[in-house]
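Everything below belongs to protein.txt, which stores compact mmCIF, C-alpha atoms.
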# COMPACT_ATOMS: atom_id res chain seq x y z
CA MET A 108 87.62 108.70 30.68
CA VAL A 109 84.37 110.46 31.29
CA ILE A 110 82.09 108.24 33.34
CA PRO A 111 78.86 108.64 35.28
CA ALA A 112 79.53 110.26 38.64
CA GLY A 113 77.82 107.44 40.49
CA GLU A 114 80.54 105.10 39.21
CA ARG A 115 83.40 107.26 40.53
CA SER A 116 82.91 106.20 44.13
CA GLY A 117 80.77 104.11 46.46
CA ALA A 118 81.71 100.49 46.93
CA THR A 119 78.89 98.03 47.29
CA GLY A 120 78.31 95.07 49.52
CA SER A 121 80.30 93.79 52.44
CA GLY A 122 83.88 94.94 52.24
CA GLY A 123 83.21 96.34 48.76
CA ARG A 124 82.49 92.86 47.38
CA ARG A 125 79.60 92.79 44.96
CA GLY A 126 76.86 90.23 45.55
CA ARG A 127 73.96 89.10 43.39
CA ALA A 128 72.31 91.58 41.07
CA SER A 129 69.14 93.12 42.46
CA THR A 130 66.36 95.46 41.48
CA SER A 131 67.95 98.17 43.65
CA GLN A 132 70.55 98.53 40.90
CA PHE A 133 67.78 99.38 38.47
CA GLY A 134 66.34 102.03 40.78
CA ALA A 135 69.72 103.73 40.97
CA LEU A 136 69.66 104.05 37.17
CA GLY A 137 65.97 104.92 36.86
CA LEU A 138 65.29 101.66 35.06
CA HIS A 139 61.83 100.13 35.37
CA LEU A 140 61.31 96.46 34.47
CA ALA A 141 57.58 95.94 34.68
CA ASP A 142 57.61 92.41 33.25
CA PRO A 143 58.73 89.70 35.74
CA ARG A 144 60.13 87.53 32.94
CA VAL A 145 62.28 90.32 31.55
CA GLU A 146 63.42 91.22 35.07
CA ALA A 147 64.37 87.63 35.84
CA SER A 148 66.24 87.35 32.54
CA VAL A 149 68.21 90.57 33.08
CA LEU A 150 69.04 89.73 36.71
CA GLY A 151 70.14 86.23 35.72
CA LEU A 152 72.42 87.59 33.02
CA LEU A 153 73.98 90.13 35.37
CA ASP A 154 74.60 87.43 38.00
CA ALA A 155 76.33 85.29 35.38
CA VAL A 156 78.45 88.26 34.32
CA GLU A 157 79.66 88.74 37.89
CA VAL A 158 80.85 85.15 38.08
CA GLU A 159 82.57 85.33 34.70
CA LEU A 160 84.20 88.69 35.46
CA ARG A 161 86.04 87.26 38.45
CA ALA A 162 87.06 84.16 36.55
CA SER A 163 88.24 86.13 33.53
CA VAL A 164 90.73 88.29 35.45
CA ALA A 165 92.35 85.40 37.32
CA SER A 166 96.03 84.89 36.61
CA ALA A 167 98.68 82.35 37.48
CA ASP A 168 100.34 85.22 39.36
CA PRO A 169 98.41 85.91 42.60
CA PHE A 170 99.52 89.55 42.60
CA VAL A 171 98.09 90.12 39.11
CA THR A 172 94.84 88.47 40.16
CA GLU A 173 94.59 90.68 43.25
CA ALA A 174 95.28 93.89 41.33
CA ALA A 175 92.98 92.96 38.45
CA ARG A 176 90.11 92.09 40.78
CA HIS A 177 90.56 95.33 42.72
CA LEU A 178 87.95 97.27 40.75
CA VAL A 179 85.85 94.25 39.84
CA GLU A 180 85.11 93.73 43.52
CA ALA A 181 84.65 97.44 44.27
CA GLY A 182 81.28 97.33 42.54
CA GLY A 183 79.72 99.92 40.25
CA LYS A 184 76.41 100.01 38.46
CA ARG A 185 77.48 97.61 35.69
CA PHE A 186 75.73 99.93 33.23
CA ARG A 187 77.42 98.38 30.20
CA PRO A 188 76.54 94.75 31.02
CA LEU A 189 73.02 95.99 31.77
CA LEU A 190 72.77 97.43 28.24
CA VAL A 191 73.99 94.09 26.86
CA ALA A 192 71.31 92.28 28.88
CA LEU A 193 68.56 94.67 27.79
CA GLY A 194 69.63 94.52 24.16
CA ALA A 195 69.55 90.73 24.32
CA GLN A 196 65.83 90.83 25.15
CA PHE A 197 65.16 91.59 21.47
CA GLY A 198 66.51 88.18 20.53
CA ASP A 199 67.27 85.08 22.56
CA PRO A 200 68.80 86.27 25.85
CA THR A 201 69.82 82.70 26.71
CA GLY A 202 72.25 82.61 23.77
CA PRO A 203 75.66 81.29 24.89
CA ARG A 204 77.57 84.36 23.69
CA VAL A 205 75.52 87.02 25.49
CA VAL A 206 77.27 86.77 28.87
CA PRO A 207 80.81 86.67 27.40
CA ALA A 208 79.91 89.73 25.30
CA ALA A 209 78.89 91.59 28.45
CA VAL A 210 82.14 90.57 30.14
CA VAL A 211 84.13 91.96 27.20
CA MET A 212 82.38 95.30 27.56
CA GLU A 213 82.87 95.55 31.32
CA LEU A 214 86.52 94.50 31.16
CA THR A 215 87.16 97.16 28.53
CA HIS A 216 85.47 99.74 30.74
CA LEU A 217 87.39 98.66 33.85
CA ALA A 218 90.68 98.82 31.96
CA THR A 219 90.04 102.46 31.11
CA LEU A 220 89.44 103.23 34.78
CA TYR A 221 92.89 101.97 35.78
CA HIS A 222 94.43 104.22 33.15
CA ASP A 223 92.18 107.16 34.05
CA ASP A 224 93.27 107.10 37.67
CA VAL A 225 96.90 107.40 36.61
CA MET A 226 96.14 110.34 34.31
CA ASP A 227 93.95 112.03 36.92
CA GLU A 228 96.29 111.21 39.83
CA ALA A 229 93.21 109.90 41.62
CA ALA A 230 93.54 108.59 45.16
CA VAL A 231 90.12 106.94 45.43
CA ARG A 232 87.97 104.92 43.04
CA ARG A 233 84.54 103.58 44.02
CA GLY A 234 85.14 104.28 47.68
CA ALA A 235 88.41 102.34 47.83
CA PRO A 236 92.05 103.34 47.29
CA SER A 237 92.76 103.54 43.56
CA ALA A 238 95.13 100.99 42.09
CA ASN A 239 97.78 103.61 41.41
CA SER A 240 97.70 104.87 45.00
CA ARG A 241 97.62 101.35 46.47
CA TRP A 242 100.44 100.06 44.28
CA THR A 243 102.09 102.37 41.71
CA ASN A 244 101.26 104.15 38.47
CA SER A 245 103.22 101.54 36.54
CA VAL A 246 101.26 98.69 38.09
CA ALA A 247 97.94 100.42 37.40
CA ILE A 248 98.85 100.96 33.74
CA LEU A 249 99.99 97.38 33.30
CA VAL A 250 96.89 95.97 34.99
CA GLY A 251 94.74 98.09 32.69
CA ASP A 252 96.67 96.63 29.75
CA TYR A 253 96.09 93.14 31.14
CA LEU A 254 92.34 93.73 31.31
CA PHE A 255 92.30 94.99 27.72
CA ALA A 256 94.14 91.82 26.71
CA ARG A 257 91.66 89.62 28.56
CA ALA A 258 88.76 91.43 26.88
CA ALA A 259 90.36 90.84 23.46
CA ASP A 260 90.95 87.18 24.27
CA ILE A 261 87.28 86.63 25.16
CA ALA A 262 86.16 88.63 22.12
CA ALA A 263 88.20 86.28 19.92
CA ASP A 264 85.99 83.41 21.09
CA LEU A 265 82.95 85.41 19.95
CA GLY A 266 84.20 85.69 16.38
CA PRO A 267 85.99 88.11 14.03
CA GLU A 268 83.18 90.68 14.06
CA ALA A 269 83.31 90.93 17.84
CA VAL A 270 87.08 91.47 17.72
CA ARG A 271 86.67 94.15 15.05
CA LEU A 272 83.93 95.98 16.96
CA GLN A 273 85.80 95.83 20.25
CA ALA A 274 88.97 97.15 18.60
CA ARG A 275 87.13 99.97 16.86
CA THR A 276 85.39 100.90 20.09
CA PHE A 277 88.73 100.96 21.88
CA ALA A 278 90.13 103.19 19.12
CA ARG A 279 87.25 105.64 19.68
CA LEU A 280 87.91 105.63 23.42
CA VAL A 281 91.56 106.50 22.83
CA HIS A 282 90.71 109.19 20.29
CA GLY A 283 88.31 110.72 22.81
CA GLN A 284 90.92 110.70 25.55
CA ILE A 285 93.47 112.32 23.25
CA ALA A 286 90.94 114.97 22.20
CA GLU A 287 90.18 115.74 25.84
CA THR A 288 93.86 115.88 26.77
CA VAL A 289 94.80 118.15 23.86
CA GLY A 290 91.69 120.30 24.21
CA PRO A 291 89.88 122.24 21.48
CA ARG A 292 92.17 123.60 18.79
CA ALA A 293 92.13 127.17 17.52
CA GLY A 294 88.81 127.86 15.85
CA ASP A 295 87.05 124.85 17.43
CA ASP A 296 83.76 125.36 19.23
CA PRO A 297 84.48 124.28 22.85
CA VAL A 298 80.94 122.94 23.29
CA ALA A 299 81.05 120.88 20.08
CA HIS A 300 84.50 119.60 21.09
CA TYR A 301 83.21 118.59 24.53
CA LEU A 302 80.18 116.76 23.09
CA HIS A 303 82.49 114.95 20.68
CA VAL A 304 84.75 113.85 23.55
CA ILE A 305 81.79 112.45 25.47
CA ALA A 306 80.48 110.58 22.44
CA GLU A 307 83.91 109.02 21.88
CA LYS A 308 84.74 108.22 25.50
CA THR A 309 81.37 107.35 26.99
CA GLY A 310 78.86 106.90 24.20
CA SER A 311 80.98 104.56 22.09
CA LEU A 312 81.32 101.77 24.67
CA ILE A 313 77.67 101.97 25.70
CA ALA A 314 76.68 101.84 22.02
CA THR A 315 78.74 98.69 21.49
CA SER A 316 77.27 97.17 24.65
CA ALA A 317 73.72 97.57 23.37
CA ARG A 318 74.84 96.36 19.92
CA PHE A 319 76.49 93.26 21.39
CA GLY A 320 73.34 92.41 23.34
CA GLY A 321 71.16 92.38 20.25
CA MET A 322 73.81 90.89 17.99
CA PHE A 323 74.69 87.90 20.14
CA ALA A 324 71.06 87.22 20.98
CA GLY A 325 70.30 86.93 17.27
CA ALA A 326 68.21 90.10 16.89
CA SER A 327 67.58 91.41 13.38
CA ALA A 328 70.10 93.77 11.79
CA GLU A 329 67.56 96.62 11.96
CA HIS A 330 67.05 96.08 15.68
CA VAL A 331 70.78 95.82 16.35
CA GLU A 332 71.40 99.17 14.64
CA ALA A 333 68.56 100.77 16.59
CA LEU A 334 70.03 99.49 19.85
CA ALA A 335 73.49 100.81 18.98
CA GLY A 336 72.14 104.25 18.11
CA TYR A 337 70.15 104.31 21.33
CA GLY A 338 73.17 103.21 23.37
CA GLU A 339 75.44 105.98 22.12
CA THR A 340 72.84 108.69 22.59
CA ILE A 341 71.71 107.57 26.04
CA GLY A 342 75.36 107.33 27.10
CA VAL A 343 75.99 110.95 26.13
CA ALA A 344 72.75 112.02 27.82
CA PHE A 345 73.70 110.25 31.05
CA GLN A 346 77.12 111.89 31.18
CA LEU A 347 75.68 115.32 30.45
CA SER A 348 73.11 114.86 33.20
CA ASP A 349 75.97 114.17 35.61
CA ASP A 350 77.42 117.54 34.61
CA LEU A 351 74.21 119.18 35.74
CA LEU A 352 73.98 117.17 38.94
CA ASP A 353 77.47 118.31 39.88
CA ILE A 354 76.13 121.86 39.85
CA ALA A 355 72.50 121.56 40.88
CA SER A 356 72.16 118.62 43.26
CA GLU A 357 72.95 117.75 46.82
CA SER A 358 75.70 115.18 47.38
CA VAL A 359 73.24 112.44 48.33
CA GLN A 360 71.73 112.65 44.84
CA SER A 361 74.87 112.93 42.72
CA GLY A 362 77.15 110.64 44.73
CA LYS A 363 79.83 113.30 45.13
CA THR A 364 80.31 116.74 46.67
CA PRO A 365 78.48 119.40 44.62
CA GLY A 366 80.78 121.55 42.52
CA THR A 367 83.63 119.02 42.45
CA ASP A 368 84.22 119.53 38.73
CA LEU A 369 84.09 123.29 39.26
CA ARG A 370 86.69 123.11 42.03
CA GLU A 371 88.98 120.98 39.86
CA GLY A 372 88.58 123.20 36.80
CA VAL A 373 86.85 120.50 34.73
CA PRO A 374 84.95 122.31 31.93
CA THR A 375 81.53 120.66 31.98
CA LEU A 376 78.57 121.65 29.82
CA PRO A 377 77.00 124.31 32.11
CA VAL A 378 80.40 125.97 32.54
CA LEU A 379 81.10 125.93 28.81
CA TYR A 380 77.72 127.49 28.10
CA ALA A 381 78.31 130.14 30.75
CA CYS A 382 81.75 131.01 29.35
CA ALA A 383 80.41 131.24 25.80
CA ALA A 384 77.39 133.38 26.71
CA ASP A 385 77.25 137.08 25.93
CA ASP A 386 74.65 137.95 28.58
CA SER A 387 75.37 141.44 29.90
CA ASP A 388 73.60 141.21 33.26
CA ALA A 389 75.76 141.59 36.35
CA SER A 390 75.41 137.97 37.48
CA SER A 391 76.46 136.49 34.13
CA MET A 392 79.39 138.84 33.81
CA ARG A 393 80.55 138.08 37.35
CA LEU A 394 80.23 134.34 36.69
CA ARG A 395 82.38 134.57 33.56
CA GLU A 396 84.94 136.60 35.50
CA ILE A 397 85.23 133.92 38.20
CA LEU A 398 85.31 131.01 35.75
CA ALA A 399 88.12 132.65 33.78
CA THR A 400 90.41 132.23 36.78
CA GLY A 401 90.58 128.43 36.34
CA PRO A 402 90.16 125.82 39.12
CA LEU A 403 88.22 127.33 42.02
CA THR A 404 90.18 126.18 45.03
CA ASP A 405 89.20 129.24 47.05
CA ASP A 406 86.12 128.27 49.08
CA ALA A 407 84.47 131.68 48.84
CA LEU A 408 84.90 131.96 45.07
CA HIS A 409 83.79 128.36 44.63
CA ALA A 410 80.59 128.96 46.63
CA GLU A 411 79.88 132.17 44.73
CA ALA A 412 80.36 130.54 41.33
CA LEU A 413 78.24 127.54 42.31
CA GLY A 414 75.41 129.82 43.42
CA LEU A 415 75.60 131.90 40.23
CA LEU A 416 75.65 128.81 38.03
CA ARG A 417 72.58 127.38 39.72
CA GLU A 418 70.61 130.51 38.79
CA SER A 419 72.19 131.03 35.37
CA PRO A 420 70.70 130.77 31.86
CA ALA A 421 73.62 128.42 31.15
CA LEU A 422 72.22 125.77 33.48
CA LYS A 423 68.79 126.06 31.86
CA ARG A 424 70.34 125.67 28.43
CA ALA A 425 72.32 122.64 29.58
CA ARG A 426 69.09 121.06 30.89
CA GLU A 427 67.50 121.58 27.49
CA THR A 428 70.49 119.91 25.84
CA VAL A 429 70.20 116.87 28.11
CA ARG A 430 66.49 116.56 27.40
CA SER A 431 67.20 116.80 23.69
CA TYR A 432 69.63 113.88 23.87
CA ALA A 433 67.19 111.87 25.99
CA GLU A 434 64.41 112.41 23.46
CA ASP A 435 66.77 111.56 20.60
CA ALA A 436 67.60 108.29 22.37
CA ARG A 437 63.88 107.54 22.72
CA ALA A 438 63.32 108.22 19.02
CA ARG A 439 66.05 105.75 18.09
CA LEU A 440 64.02 102.99 19.71
CA ALA A 441 61.21 103.39 17.14
CA PRO A 442 62.25 100.37 14.99
CA LEU A 443 62.08 98.06 18.03
CA PRO A 444 58.86 96.17 18.81
CA ASP A 445 56.69 97.70 21.50
CA GLY A 446 56.72 95.75 24.74
CA PRO A 447 58.27 95.60 28.21
CA SER A 448 61.88 95.51 26.93
CA ARG A 449 61.49 98.64 24.85
CA ARG A 450 59.61 100.38 27.66
CA ALA A 451 62.50 99.54 30.01
CA LEU A 452 64.88 101.34 27.69
CA GLU A 453 62.45 104.26 27.43
CA SER A 454 62.37 104.51 31.22
CA LEU A 455 66.06 105.41 31.17
CA CYS A 456 65.19 108.36 28.90
CA ASP A 457 62.50 109.51 31.34
CA TYR A 458 64.86 109.19 34.28
CA ILE A 459 67.61 111.23 32.66
CA ALA A 460 65.21 114.00 31.71
CA ASP A 461 63.68 114.06 35.21
CA ARG A 462 66.93 113.83 37.23
CA THR A 463 68.14 117.15 35.82
CA SER A 464 64.90 119.10 36.38
Transcribe the structure of this file into structure tokens.
Amino acid sequence: MVIPAGERSGATGSGGRRGRASTSQFGALGLHLADPRVEASVLGLLDAVEVELRASVASADPFVTEAARHLVEAGGKRFRPLLVALGAQFGDPTGPRVVPAAVVMELTHLATLYHDDVMDEAAVRRGAPSANSRWTNSVAILVGDYLFARAADIAADLGPEAVRLQARTFARLVHGQIAETVGPRAGDDPVAHYLHVIAEKTGSLIATSARFGGMFAGASAEHVEALAGYGETIGVAFQLSDDLLDIASESVQSGKTPGTDLREGVPTLPVLYACAADDSDASSMRLREILATGPLTDDALHAEALGLLRESPALKRARETVRSYAEDARARLAPLPDGPSRRALESLCDYIADRTS
């Protein structure tokens, strides 16, 4: 699955074990909670989610418990539970189904990561050995299945609508993964195909997270729909901004070595724009020539392509696309009441637009 680069590595806490939620998490995501009451509510919800996550993956088999908790305890930004918590601010965030709803979303996300690591043959996840490298591919797949099952079990306690939404979200995730694996078909626009994949794989789960927050806090139907639309769009914007950071940033900013996707031959938005361009200047033509060779494992070619991309019209166009998605996400918040909760969601739009400048 396509996920924010900051979630691909970097365990948190002592020994990778995640502690209480803190405002430093918000800073890492560009989120600003100016109201102490909203901040306390969101932090309290995230703390409760951590407790429930560990309890929800426990099994009568100690080995299953250990493997299932492997990624839970490795940390991550908990972006999806955060969207649940923020969405809940437009209703009653103390509602008894808000925390379980956030757990469903995070378990679904974690399950995809176990499967992703098998497909990607990844050796590391969040700064720790991936489940497939620590145990086997078969174990990683089965643990991912177990987490999906636990998410469905908890969703059943939330009611039929929660089960339906979680299942439909999972179907979108799978469709997105299939589309990415198969690639664009003859006649497909590679950029449109890529944006569709991101919406299915990343945007869909974040959309349902924001929806669940409003829904299980008792927000109005209009507000729930606004939150879902915002969640999908901000999710796509965040992933696209990671594409740019992989090209334009230093490793301390992006959380990974610059040009990693380029080296691995992953066709991100700036690369797709560069390949589709018809610019006839020498730099653009040379860039297309290098990119046509596939994964850039040669250090010299990799460095040359990275330098050309950083100065290319393709990167500028990709920045404009990210800003467009960020502004679209902001516009989708219009039906929500003005106040600290809405401004917190708007701050994510500002952050995404600024982090790619």
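Minimum distance to Leu249 of chain A across A:Ser390, A:Thr219, A:Thr276, A:Thr404 (counting all atoms listed in the file) occurs at A:Thr219.
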- Note on the structure: Closest of A:Val304, A:Leu214, A:Leu152, A:Val250 to Val289 of chain A, counting only C-alpha atoms, is A:Val304
- Query: Rounded to one decimal in Å, what is the spacing between atom CA of Ala147 of chain A and atom CA of Phe186 of chain A?
  - Reply: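 Atom CA of Phe186 of chain A lies 16.9 Å from atom CA of Ala147 of chain A.
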- Mind checking which residues fall within 10 Å of Ala256 of chain A, counting only C-alpha atoms, ignoring those fewer than 4 positions away in the same chain, and posting them as a list in words?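 Counting only C-alpha atoms, the residues come to Leu214, Thr215, Ala218, Val250, Gly251, Asp252, Asp260, Ile261 and Ala262 of chain A.
Residue nearest Ser327 of chain A, chosen from A:Asp385, A:Asp199, A:Asp406, A:Glu146 and counting all atoms listed in the file: A:Asp199.
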Return the padded bounding box of segment 214-227 of chain A as lines of an AutoDock Vina configuration file: axis-aligned, built from all atoms listed in the file, 5 Å added on each side, with centre and edge lengths in Å to one decimal.
center_x = 91.2
center_y = 103.3
center_z = 33.1
size_x = 21.4
size_y = 27.5
size_z = 19.1
- Rank nothing, just name the residue among A:Pro267, A:Gly401, A:Gly336, A:Gly414 nearest to Pro365 of chain A, using all atoms listed in the file.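 When distances to Pro365 of chain A are compared using all atoms listed in the file, the smallest one comes from A:Gly414.
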- Could you check which of A:Tyr301, A:Leu415, A:Tyr337, A:Ala425 is closest to Pro374 of chain A, using only C-alpha atoms? A:Tyr301
- Leaving out Ala155 of chain A and any residue of its chain fewer than 5 positions from it, which residues lie within 12 Å of it when counting only C-alpha atoms, given as a ChimeraX atom specification? /A:126-128,148-150,160-162,188-189,192,201,203-210
- Which distance in Å separates atom CA of Gly283 of chain A and atom CA of Thr309 of chain A, to one decimal? 8.8 Å
- Spatial neighbours of Ala269 of chain A, max dist 10 Å, all atoms listed in the file, sep filter under 5 positions, as an MDAnalysis selection string: chainID A and resid 208 211 259 261:264 274:275 315 319 322:323
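In this comparison, which uses all atoms listed in the file, the residue of A:Leu254, A:Ala410, A:Ala436, A:Leu138 approaching Tyr458 of chain A most closely is A:Leu138.
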- Non-local contacts of Gly321 of chain A (8 Å; only C-alpha atoms; under 2 positions in same chain excluded) as a list in words: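 So the residues in contact are Val191, Gly194, Ala195, Gln196, Phe197, Gly198, Ala317, Arg318, Phe319, Phe323, Ala324, Gly325, Ala326, Ser327, His330, Val331 and Leu334 of chain A.
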- atom CA of Ala293 of chain A to atom CA of Ser387 of chain A, straight-line distance in Å: 25.3 Å
- Contacts of Glu307 of chain A within 6 Å, all atoms listed in the file, excl. fewer than 4 positions in-chain, as a ChimeraX atom specification: /A:279-280,283,311
